[in-house]
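One file, entry35.csv, carrying CSV, C-alpha atoms and all ligand atoms:
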chain,number,residue,atom,x,y,z
A,1,MET,CA,0.4,24.5,-3.2
A,2,LYS,CA,1.9,27.4,-1.2
A,3,ASN,CA,-0.7,27.1,1.5
A,4,SER,CA,-0.7,23.3,2.0
A,5,LYS,CA,0.1,23.5,5.7
A,6,GLU,CA,-2.9,25.8,6.2
A,7,ILE,CA,-5.1,23.6,4.0
A,8,PHE,CA,-4.1,20.5,6.1
A,9,ALA,CA,-4.9,22.3,9.3
A,10,LYS,CA,-8.3,23.5,8.0
A,11,ILE,CA,-9.3,20.1,6.6
A,12,ASN,CA,-8.2,18.4,9.9
A,13,LYS,CA,-10.2,20.8,11.9
A,14,GLY,CA,-13.3,20.3,9.8
A,15,LEU,CA,-13.0,16.5,10.1
A,16,GLU,CA,-12.4,16.7,13.9
A,17,GLU,CA,-15.8,18.2,14.3
A,18,ARG,CA,-17.4,15.2,12.7
A,19,VAL,CA,-17.9,11.8,14.4
A,20,ASN,CA,-15.6,9.2,12.9
A,21,PRO,CA,-17.6,6.1,12.5
A,22,GLY,CA,-14.6,4.0,11.5
A,23,LYS,CA,-13.2,1.0,13.5
A,24,VAL,CA,-9.6,-0.1,14.1
A,25,ALA,CA,-8.8,-3.5,12.5
A,26,THR,CA,-8.9,-6.2,15.1
A,27,TYR,CA,-8.8,-9.3,12.9
A,28,ILE,CA,-5.0,-8.9,13.3
A,29,PRO,CA,-5.1,-8.6,17.2
A,30,GLU,CA,-1.9,-6.7,17.4
A,31,LEU,CA,-3.3,-3.9,15.2
A,32,GLY,CA,-6.1,-3.4,17.8
A,33,ASN,CA,-3.6,-2.0,20.3
A,34,ILE,CA,-3.1,1.3,18.5
A,35,ASP,CA,-4.5,4.6,19.7
A,36,PRO,CA,-7.5,5.1,17.3
A,37,ASN,CA,-7.2,8.8,17.4
A,38,LYS,CA,-3.7,9.0,15.8
A,39,PHE,CA,-3.7,11.2,12.7
A,40,GLY,CA,-0.8,12.3,10.5
A,41,VAL,CA,-0.2,13.6,7.0
A,42,HIS,CA,3.0,14.1,5.0
A,43,LEU,CA,3.3,15.5,1.5
A,44,THR,CA,6.5,15.4,-0.5
A,45,LYS,CA,6.8,17.3,-3.8
A,46,ILE,CA,9.2,16.1,-6.5
A,47,ASP,CA,11.1,19.4,-6.2
A,48,GLY,CA,11.9,18.5,-2.5
A,49,VAL,CA,9.3,20.8,-0.8
A,50,GLU,CA,7.5,19.0,2.1
A,51,TYR,CA,4.5,19.6,4.3
A,52,ALA,CA,3.4,17.7,7.3
A,53,CYS,CA,1.0,17.8,10.2
A,54,GLY,CA,-0.1,15.7,13.2
A,55,ASP,CA,1.5,12.3,14.1
A,56,SER,CA,3.4,12.2,10.8
A,57,ASN,CA,6.6,11.0,12.4
A,58,GLU,CA,5.2,8.0,14.2
A,59,LYS,CA,5.7,4.5,12.8
A,60,PHE,CA,2.6,2.5,11.9
A,61,SER,CA,2.0,-0.9,10.2
A,62,ILE,CA,1.9,-0.2,6.5
A,63,GLN,CA,0.2,-3.6,5.8
A,64,SER,CA,-1.1,-3.8,2.2
A,65,ILE,CA,0.7,-0.6,1.1
A,66,ALA,CA,3.8,-2.8,1.1
A,67,LYS,CA,2.3,-5.0,-1.7
A,68,VAL,CA,3.2,-2.2,-4.2
A,69,LEU,CA,6.9,-2.5,-3.2
A,70,SER,CA,7.0,-6.3,-3.5
A,71,LEU,CA,5.2,-6.0,-6.8
A,72,ILE,CA,7.9,-3.6,-8.1
A,73,MET,CA,10.7,-6.0,-7.1
A,74,ALA,CA,8.9,-9.0,-8.8
A,75,TYR,CA,8.1,-6.9,-11.9
A,76,ASN,CA,11.8,-5.8,-12.3
A,77,LEU,CA,12.8,-9.5,-12.1
A,78,GLU,CA,10.1,-11.1,-14.3
A,79,ASN,CA,9.2,-8.3,-16.7
A,80,GLU,CA,6.0,-9.1,-18.7
A,81,LYS,CA,6.2,-12.8,-17.8
A,82,LEU,CA,4.7,-11.7,-14.5
A,83,TRP,CA,1.3,-11.3,-15.9
A,84,LYS,CA,1.0,-15.0,-16.7
A,85,ARG,CA,0.6,-15.6,-12.9
A,86,VAL,CA,-1.5,-12.6,-11.9
A,87,GLY,CA,-4.0,-10.3,-13.7
A,88,VAL,CA,-4.3,-6.5,-13.9
A,89,GLU,CA,-8.1,-6.1,-13.6
A,90,PRO,CA,-9.9,-4.5,-10.7
A,91,SER,CA,-11.6,-7.2,-8.5
A,92,GLY,CA,-14.6,-5.4,-7.3
A,93,THR,CA,-14.4,-7.7,-4.2
A,94,PRO,CA,-12.9,-7.3,-0.7
A,95,PHE,CA,-9.1,-7.7,-0.3
A,96,ASN,CA,-9.4,-11.2,1.2
A,97,SER,CA,-12.2,-12.5,-1.0
A,98,MET,CA,-11.8,-16.0,-2.7
A,99,VAL,CA,-14.9,-15.8,-4.9
A,100,LEU,CA,-13.1,-15.0,-8.2
A,101,LEU,CA,-10.1,-17.1,-7.4
A,102,GLU,CA,-11.8,-20.4,-7.9
A,103,HIS,CA,-13.6,-19.1,-11.0
A,104,ASN,CA,-10.3,-17.9,-12.5
A,105,LYS,CA,-8.5,-21.2,-11.8
A,106,GLY,CA,-6.1,-19.8,-9.2
A,107,ILE,CA,-5.0,-16.7,-11.1
A,108,PRO,CA,-5.7,-13.7,-8.9
A,109,ARG,CA,-7.4,-10.7,-10.5
A,110,ASN,CA,-4.5,-8.3,-9.7
A,111,PRO,CA,-1.3,-8.1,-7.5
A,112,LEU,CA,-2.9,-5.9,-4.8
A,113,VAL,CA,-5.6,-8.2,-3.5
A,114,ASN,CA,-4.2,-10.6,-0.9
A,115,ALA,CA,-4.2,-13.6,-3.3
A,116,GLY,CA,-2.2,-11.6,-5.9
A,117,ALA,CA,0.3,-10.4,-3.3
A,118,LEU,CA,0.8,-14.0,-2.2
A,119,VAL,CA,1.7,-15.0,-5.8
A,120,ILE,CA,4.1,-12.1,-5.9
A,121,CYS,CA,5.7,-13.4,-2.6
A,122,ASP,CA,6.0,-16.9,-4.2
A,123,ILE,CA,7.8,-15.4,-7.2
A,124,LEU,CA,10.2,-13.5,-5.0
A,125,ILE,CA,11.0,-16.6,-2.9
A,126,SER,CA,11.8,-18.5,-6.1
A,127,ARG,CA,14.0,-15.7,-7.5
A,128,LEU,CA,15.8,-14.4,-4.4
A,129,GLU,CA,18.4,-16.0,-2.2
A,130,ASN,CA,17.4,-14.2,1.0
A,131,PRO,CA,13.9,-12.9,0.3
A,132,LYS,CA,13.3,-11.1,3.6
A,133,GLN,CA,16.7,-9.4,3.8
A,134,GLU,CA,16.6,-8.5,0.1
A,135,LEU,CA,13.1,-7.0,0.5
A,136,LEU,CA,14.2,-4.9,3.5
A,137,ALA,CA,17.4,-3.8,1.6
A,138,PHE,CA,15.2,-2.7,-1.4
A,139,VAL,CA,12.7,-0.8,0.8
A,140,ARG,CA,15.6,0.9,2.8
A,141,GLU,CA,17.3,1.9,-0.4
A,142,VAL,CA,14.1,3.3,-2.1
A,143,SER,CA,13.0,5.2,1.0
A,144,GLY,CA,16.5,6.5,2.0
A,145,PHE,CA,15.8,5.4,5.6
A,146,PRO,CA,18.1,2.6,6.8
A,147,ASP,CA,16.2,1.7,10.0
A,148,ILE,CA,13.0,0.5,8.3
A,149,ASN,CA,12.0,-2.9,9.6
A,150,PHE,CA,9.5,-5.7,10.1
A,151,ASN,CA,7.5,-5.9,13.3
A,152,PRO,CA,7.8,-9.5,14.6
A,153,LYS,CA,4.8,-9.1,17.0
A,154,VAL,CA,2.5,-8.2,14.0
A,155,VAL,CA,3.9,-11.1,12.0
A,156,GLU,CA,3.0,-13.6,14.8
A,157,SER,CA,-0.3,-12.0,15.5
A,158,GLU,CA,-1.3,-12.2,11.9
A,159,LYS,CA,0.0,-15.8,11.6
A,160,SER,CA,-2.2,-16.9,14.5
A,161,LYS,CA,-5.3,-15.7,12.7
A,162,GLY,CA,-4.4,-16.0,9.0
A,163,TYR,CA,-7.2,-18.4,8.1
A,164,ARG,CA,-8.3,-16.6,4.9
A,165,ASN,CA,-4.7,-16.1,3.5
A,166,ALA,CA,-4.1,-19.8,4.3
A,167,SER,CA,-7.3,-20.8,2.4
A,168,SER,CA,-6.4,-18.6,-0.7
A,169,ILE,CA,-2.9,-20.0,-0.9
A,170,ASN,CA,-4.0,-23.6,-0.6
A,171,LEU,CA,-6.6,-23.0,-3.4
A,172,MET,CA,-3.9,-21.4,-5.6
A,173,LYS,CA,-1.5,-24.3,-4.9
A,174,SER,CA,-4.2,-26.7,-5.9
A,175,PHE,CA,-4.3,-24.9,-9.3
A,176,GLY,CA,-0.5,-25.0,-9.7
A,177,ASN,CA,0.0,-21.2,-9.2
A,178,ILE,CA,2.2,-21.5,-6.1
A,179,GLU,CA,5.7,-23.0,-6.5
A,180,ASN,CA,7.0,-22.9,-3.0
A,181,ASP,CA,6.1,-24.3,0.4
A,182,ILE,CA,2.9,-22.7,1.6
A,183,ASP,CA,4.2,-21.8,5.1
A,184,GLU,CA,7.3,-20.2,3.7
A,185,VAL,CA,5.2,-18.0,1.4
A,186,LEU,CA,2.8,-17.0,4.2
A,187,ASP,CA,5.7,-16.2,6.5
A,188,PHE,CA,7.2,-13.9,3.8
A,189,TYR,CA,3.9,-12.3,3.1
A,190,PHE,CA,3.1,-11.6,6.8
A,191,ASN,CA,6.6,-10.1,7.2
A,192,LEU,CA,6.0,-7.9,4.1
A,193,CYS,CA,2.7,-6.6,5.6
A,194,SER,CA,4.3,-6.0,9.0
A,195,ILE,CA,6.7,-3.3,7.7
A,196,GLU,CA,6.5,-0.1,9.8
A,197,MET,CA,7.0,3.4,8.5
A,198,THR,CA,6.1,6.9,9.4
A,199,CYS,CA,4.0,9.1,7.0
A,200,LYS,CA,7.2,10.9,6.1
A,201,GLU,CA,9.1,7.7,5.3
A,202,LEU,CA,6.2,6.3,3.2
A,203,SER,CA,5.8,9.5,1.3
A,204,HIS,CA,9.6,9.6,0.5
A,205,THR,CA,9.5,5.9,-0.5
A,206,PHE,CA,6.7,6.3,-3.0
A,207,LEU,CA,7.9,9.6,-4.5
A,208,PHE,CA,9.6,7.8,-7.5
A,209,LEU,CA,6.1,6.9,-8.7
A,210,ALA,CA,5.4,10.6,-9.0
A,211,ASN,CA,8.7,11.1,-10.9
A,212,ASN,CA,8.5,8.5,-13.7
A,213,GLY,CA,10.3,5.8,-11.8
A,214,VAL,CA,13.3,7.9,-10.5
A,215,THR,CA,13.9,8.8,-6.8
A,216,PRO,CA,14.3,12.6,-7.0
A,217,LYS,CA,16.6,12.9,-4.0
A,218,THR,CA,19.3,10.4,-5.2
A,219,ASN,CA,18.4,10.4,-8.9
A,220,LYS,CA,18.3,6.6,-8.8
A,221,ARG,CA,16.0,4.8,-11.3
A,222,ILE,CA,13.8,2.2,-9.4
A,223,VAL,CA,11.6,1.2,-12.4
A,224,SER,CA,11.4,2.2,-16.1
A,225,VAL,CA,9.0,5.0,-17.2
A,226,SER,CA,6.7,2.4,-18.7
A,227,LYS,CA,6.6,0.3,-15.5
A,228,SER,CA,6.0,3.4,-13.4
A,229,LYS,CA,3.0,4.2,-15.6
A,230,ARG,CA,1.7,0.7,-15.2
A,231,ILE,CA,2.2,0.5,-11.4
A,232,ASN,CA,0.2,3.8,-11.1
A,233,ALA,CA,-2.5,2.4,-13.3
A,234,ILE,CA,-2.8,-0.7,-11.1
A,235,MET,CA,-3.0,1.4,-8.0
A,236,GLN,CA,-5.7,3.5,-9.6
A,237,LEU,CA,-7.8,0.5,-10.5
A,238,CYS,CA,-7.0,-1.9,-7.7
A,239,GLY,CA,-5.5,0.0,-4.8
A,240,PHE,CA,-8.8,0.2,-2.8
A,241,TYR,CA,-10.4,-3.1,-3.7
A,242,ASP,CA,-14.2,-2.8,-3.9
A,243,GLU,CA,-13.8,0.9,-3.2
A,244,ALA,CA,-11.4,1.7,-6.0
A,245,GLY,CA,-14.1,3.5,-8.0
A,246,GLU,CA,-15.1,5.6,-5.0
A,247,PHE,CA,-11.5,6.6,-4.4
A,248,ALA,CA,-11.0,7.6,-8.1
A,249,PHE,CA,-14.3,9.4,-8.0
A,250,LYS,CA,-13.7,11.4,-4.9
A,251,VAL,CA,-9.9,11.8,-4.7
A,252,GLY,CA,-8.8,11.4,-8.3
A,253,LEU,CA,-5.3,10.0,-7.7
A,254,PRO,CA,-3.7,6.5,-7.9
A,255,GLY,CA,-3.1,5.2,-4.4
A,256,LYS,CA,-2.9,2.3,-2.0
A,257,SER,CA,-4.4,1.6,1.4
A,258,GLY,CA,-3.5,-0.7,4.3
A,259,VAL,CA,-5.5,-2.0,7.3
A,260,GLY,CA,-3.1,-0.2,9.6
A,261,GLY,CA,-5.0,3.0,8.5
A,262,GLY,CA,-2.4,4.3,6.1
A,263,ILE,CA,-3.1,5.6,2.6
A,264,VAL,CA,-0.5,6.7,0.0
A,265,ALA,CA,-1.6,8.6,-3.1
A,266,ILE,CA,0.5,9.8,-6.0
A,267,HIS,CA,0.1,12.8,-8.3
A,268,PRO,CA,2.4,12.0,-11.2
A,269,ASP,CA,4.8,14.9,-11.9
A,270,GLU,CA,3.8,16.6,-8.7
A,271,TYR,CA,3.8,14.9,-5.3
A,272,SER,CA,3.2,11.8,-3.1
A,273,ILE,CA,1.0,12.2,0.0
A,274,VAL,CA,0.5,9.9,3.0
A,275,VAL,CA,-2.4,10.1,5.5
A,276,TRP,CA,-2.6,7.9,8.6
A,277,SER,CA,-5.7,7.4,10.7
A,278,PRO,CA,-6.3,3.9,12.1
A,279,LYS,CA,-10.1,3.8,12.1
A,280,LEU,CA,-11.3,2.0,9.0
A,281,ASN,CA,-14.5,2.1,7.0
A,282,PRO,CA,-16.4,-1.1,6.2
A,283,LYS,CA,-14.3,-1.7,3.1
A,284,GLY,CA,-11.1,-1.8,5.2
A,285,ASN,CA,-9.8,1.7,4.2
A,286,SER,CA,-9.0,4.5,6.5
A,287,TRP,CA,-12.3,6.5,7.1
A,288,LYS,CA,-10.6,9.8,7.8
A,289,GLY,CA,-7.8,9.2,5.3
A,290,MET,CA,-10.3,8.9,2.5
A,291,LYS,CA,-12.2,12.0,3.6
A,292,PHE,CA,-9.0,14.0,4.1
A,293,LEU,CA,-7.7,13.2,0.6
A,294,GLU,CA,-11.1,14.0,-0.9
A,295,ARG,CA,-11.0,17.4,0.7
A,296,PHE,CA,-7.3,18.0,-0.1
A,297,THR,CA,-7.6,17.3,-3.9
A,298,THR,CA,-10.9,19.2,-4.0
A,299,GLU,CA,-9.5,22.3,-2.3
A,300,THR,CA,-6.1,22.4,-4.0
A,301,GLU,CA,-7.6,21.3,-7.4
A,302,LEU,CA,-4.6,19.0,-7.6
A,303,SER,CA,-5.8,15.6,-8.9
A,304,ILE,CA,-5.1,13.9,-12.2
A,305,PHE,CA,-8.7,14.4,-13.5
B,401,LIG,O1,-3.4,-10.1,4.7
B,401,LIG,C1,-4.0,-9.3,5.3
B,401,LIG,O2,-5.2,-9.4,5.6
B,401,LIG,C2,-3.3,-8.0,5.8
B,401,LIG,N1,-1.9,-8.4,6.1
B,401,LIG,C3,-3.3,-6.9,4.8
B,401,LIG,C4,-4.6,-6.5,4.4
B,401,LIG,C5,-4.7,-5.0,4.0
B,401,LIG,O3,-4.0,-4.2,4.5
B,401,LIG,C6,-5.9,-4.7,3.2
B,401,LIG,N2,-5.9,-3.3,2.9
B,401,LIG,N3,-6.6,-2.4,3.1
Could you rewrite the structure in this file as C-alpha cells?
Amino acid sequence: MKNSKEIFAKINKGLEERVNPGKVATYIPELGNIDPNKFGVHLTKIDGVEYACGDSNEKFSIQSIAKVLSLIMAYNLENEKLWKRVGVEPSGTPFNSMVLLEHNKGIPRNPLVNAGALVICDILISRLENPKQELLAFVREVSGFPDINFNPKVVESEKSKGYRNASSINLMKSFGNIENDIDEVLDFYFNLCSIEMTCKELSHTFLFLANNGVTPKTNKRIVSVSKSKRINAIMQLCGFYDEAGEFAFKVGLPGKSGVGGGIVAIHPDEYSIVVWSPKLNPKGNSWKGMKFLERFTTETELSIF
C-alpha cells in the first residue's frame, strides 16, 4: 500500500479521460445544487496511516450511508430481536422499491433498503428519549469529529418530495410493523439521511468495521466482534441494492453507497476507503466511485476475495 497516493492519482487521471455518463440525483431537489465534478478519496488504515486526494475535505450529504450507523445503534439496543422486524436478505430491487414489501407482509428484506431503514428509525424512536440528539451524539463519538450535523435544507427538500418513503411507511404501518407516528418516523429518517461528512470524516467513522468493532484511535468498542462481522455481511449483500452483486464482483469489498455520490468500503483487518463523486449511475450509485474502487482493488490486489 506504499504507493496509494500515486495509485489514486493514476486512477483519477485514467477516469478523467473518460466521459462520465452519470447524473446528479435531483429527486431530492437540494442535492441537485452540487457541483457535479466534485471528486474526493480518503483511505484510513487501521494502523493510522492515511491517504487522500481531491475534494476529500469537503462536506457532502451521506444519505443512505447513514443507514449503517442507525442500524448499529438499533442492533446494540435490540440484539437478535431486531431480525423479527427486518430481514437480512439482498433485495435485488432498487432502494425505494415496494414490490417485495407487500409480498412479505410489511417486513423489509434488509435494513439498508429505504423501508428497512424506516423500520430501524421506528425502533430507535421507541427506544430513545431524544432520538435525533442521541443519533448525532453517537455519530460524533464514533467518528471523533464533534461538528458533524444534519443539513436542515436537505431535510425539508426531501420531505417536500418524499412520496415513495411515505408510501412504504404507510404500507408497513398497515401490516403492524411501524409503532410510532408516521410523520415522526419520516422526520427522523430524513434527518438521518441529511447528515453531512467529508470523505475523511466518513472513512474515520467506518474504520471500526475494519477493526472487529473497535475504533483504532480511541480503542473504544462500538459493536461486538460478531455484530461487526454481521454488519459487514449485510453491507456486502445489500449495500448497493440491485447492484450489490456487481459491486462484489468488481470491487470485492463490503460497502455502502448514498445518493449524495458517496461510497464507503471496508477491507476487514486493513482499511476503510471513501470515494465521493456526485454523478450517479442508473442504479443510484456513484458512477465514478464504483469505477474508482474497481480499479483501486484491482491494482492494489487488496480485496477480500
Ligand atoms: O430516502 C431516500 O430516497 C434518500 N434519503 C436515501 C436514498 C439513498 O441514498 C439510496 N442510496 N444509494
> With all atoms listed in the file as the atoms that count, which of A:Pro254, A:Gly106, A:Pro146, A:Pro94 lies nearest to ligand LIG 401 (chain B)?
Replying inline: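 Ranking A:Pro254, A:Gly106, A:Pro146, A:Pro94 by distance to ligand LIG 401 (chain B), first place goes to A:Pro94.
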>> Just want the residues within 7 Å of ligand LIG 401 (chain B), written as a list in words, counting only C-alpha atoms and all ligand atoms.
In response: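 Answer in the requested format: Gln63, Ser64, Ile65, Phe95, Asn96, Asn114, Glu158, Asn165, Phe190, Cys193, Phe240, Ser257, Gly258, Val259, Gly260, Gly284 and Asn285 of chain A.
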>> With only C-alpha atoms as the counted atoms, please give the residues lying no more than 10 Å from A:Phe208, apart from itself and same-chain residues fewer than 5 positions off, as a PyMOL selection string.
In response: chain A and resi 46+142-143+203+213-217+219-223+228+266+268-269+271-272
>> Rounded to one decimal, what separation in Å do you get between atom CA of A:Pro108 and atom CA of A:Leu77?
In response: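 Between atom CA of A:Pro108 and atom CA of A:Leu77 the gap is 19.2 Å.
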>> Using all atoms listed in the file, which protein or nucleic acid residues come within 10 Å of A:Asn180? Drop anything in the same chain fewer than 5 positions from it, and give the result as a list in words.
In response: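 Neighbouring residues, sequence-local ones excluded: Val119, Cys121, Asp122, Ile123, Ile125, Ser126, Lys173 and Val185 of chain A.
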Go ahead and write the selection's residues with C-alpha atoms as a PDB file, keeping the file's coordinate frame.
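Resulting contents of again.pdb:
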ATOM      1  CA  VAL A 119       1.700 -15.000  -5.800  1.00  0.00           C
ATOM      2  CA  CYS A 121       5.700 -13.400  -2.600  1.00  0.00           C
ATOM      3  CA  ASP A 122       6.000 -16.900  -4.200  1.00  0.00           C
ATOM      4  CA  ILE A 123       7.800 -15.400  -7.200  1.00  0.00           C
ATOM      5  CA  ILE A 125      11.000 -16.600  -2.900  1.00  0.00           C
ATOM      6  CA  SER A 126      11.800 -18.500  -6.100  1.00  0.00           C
ATOM      7  CA  LYS A 173      -1.500 -24.300  -4.900  1.00  0.00           C
ATOM      8  CA  VAL A 185       5.200 -18.000   1.400  1.00  0.00           C
TER       9      VAL A 185
END
> Can you tell me how far atom CA of A:Leu209 sits from atom CA of A:Ile273, in Å to one decimal?
Replying inline: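 Answer for the atom CA of A:Leu209 to atom CA of A:Ile273 separation: 11.4 Å.
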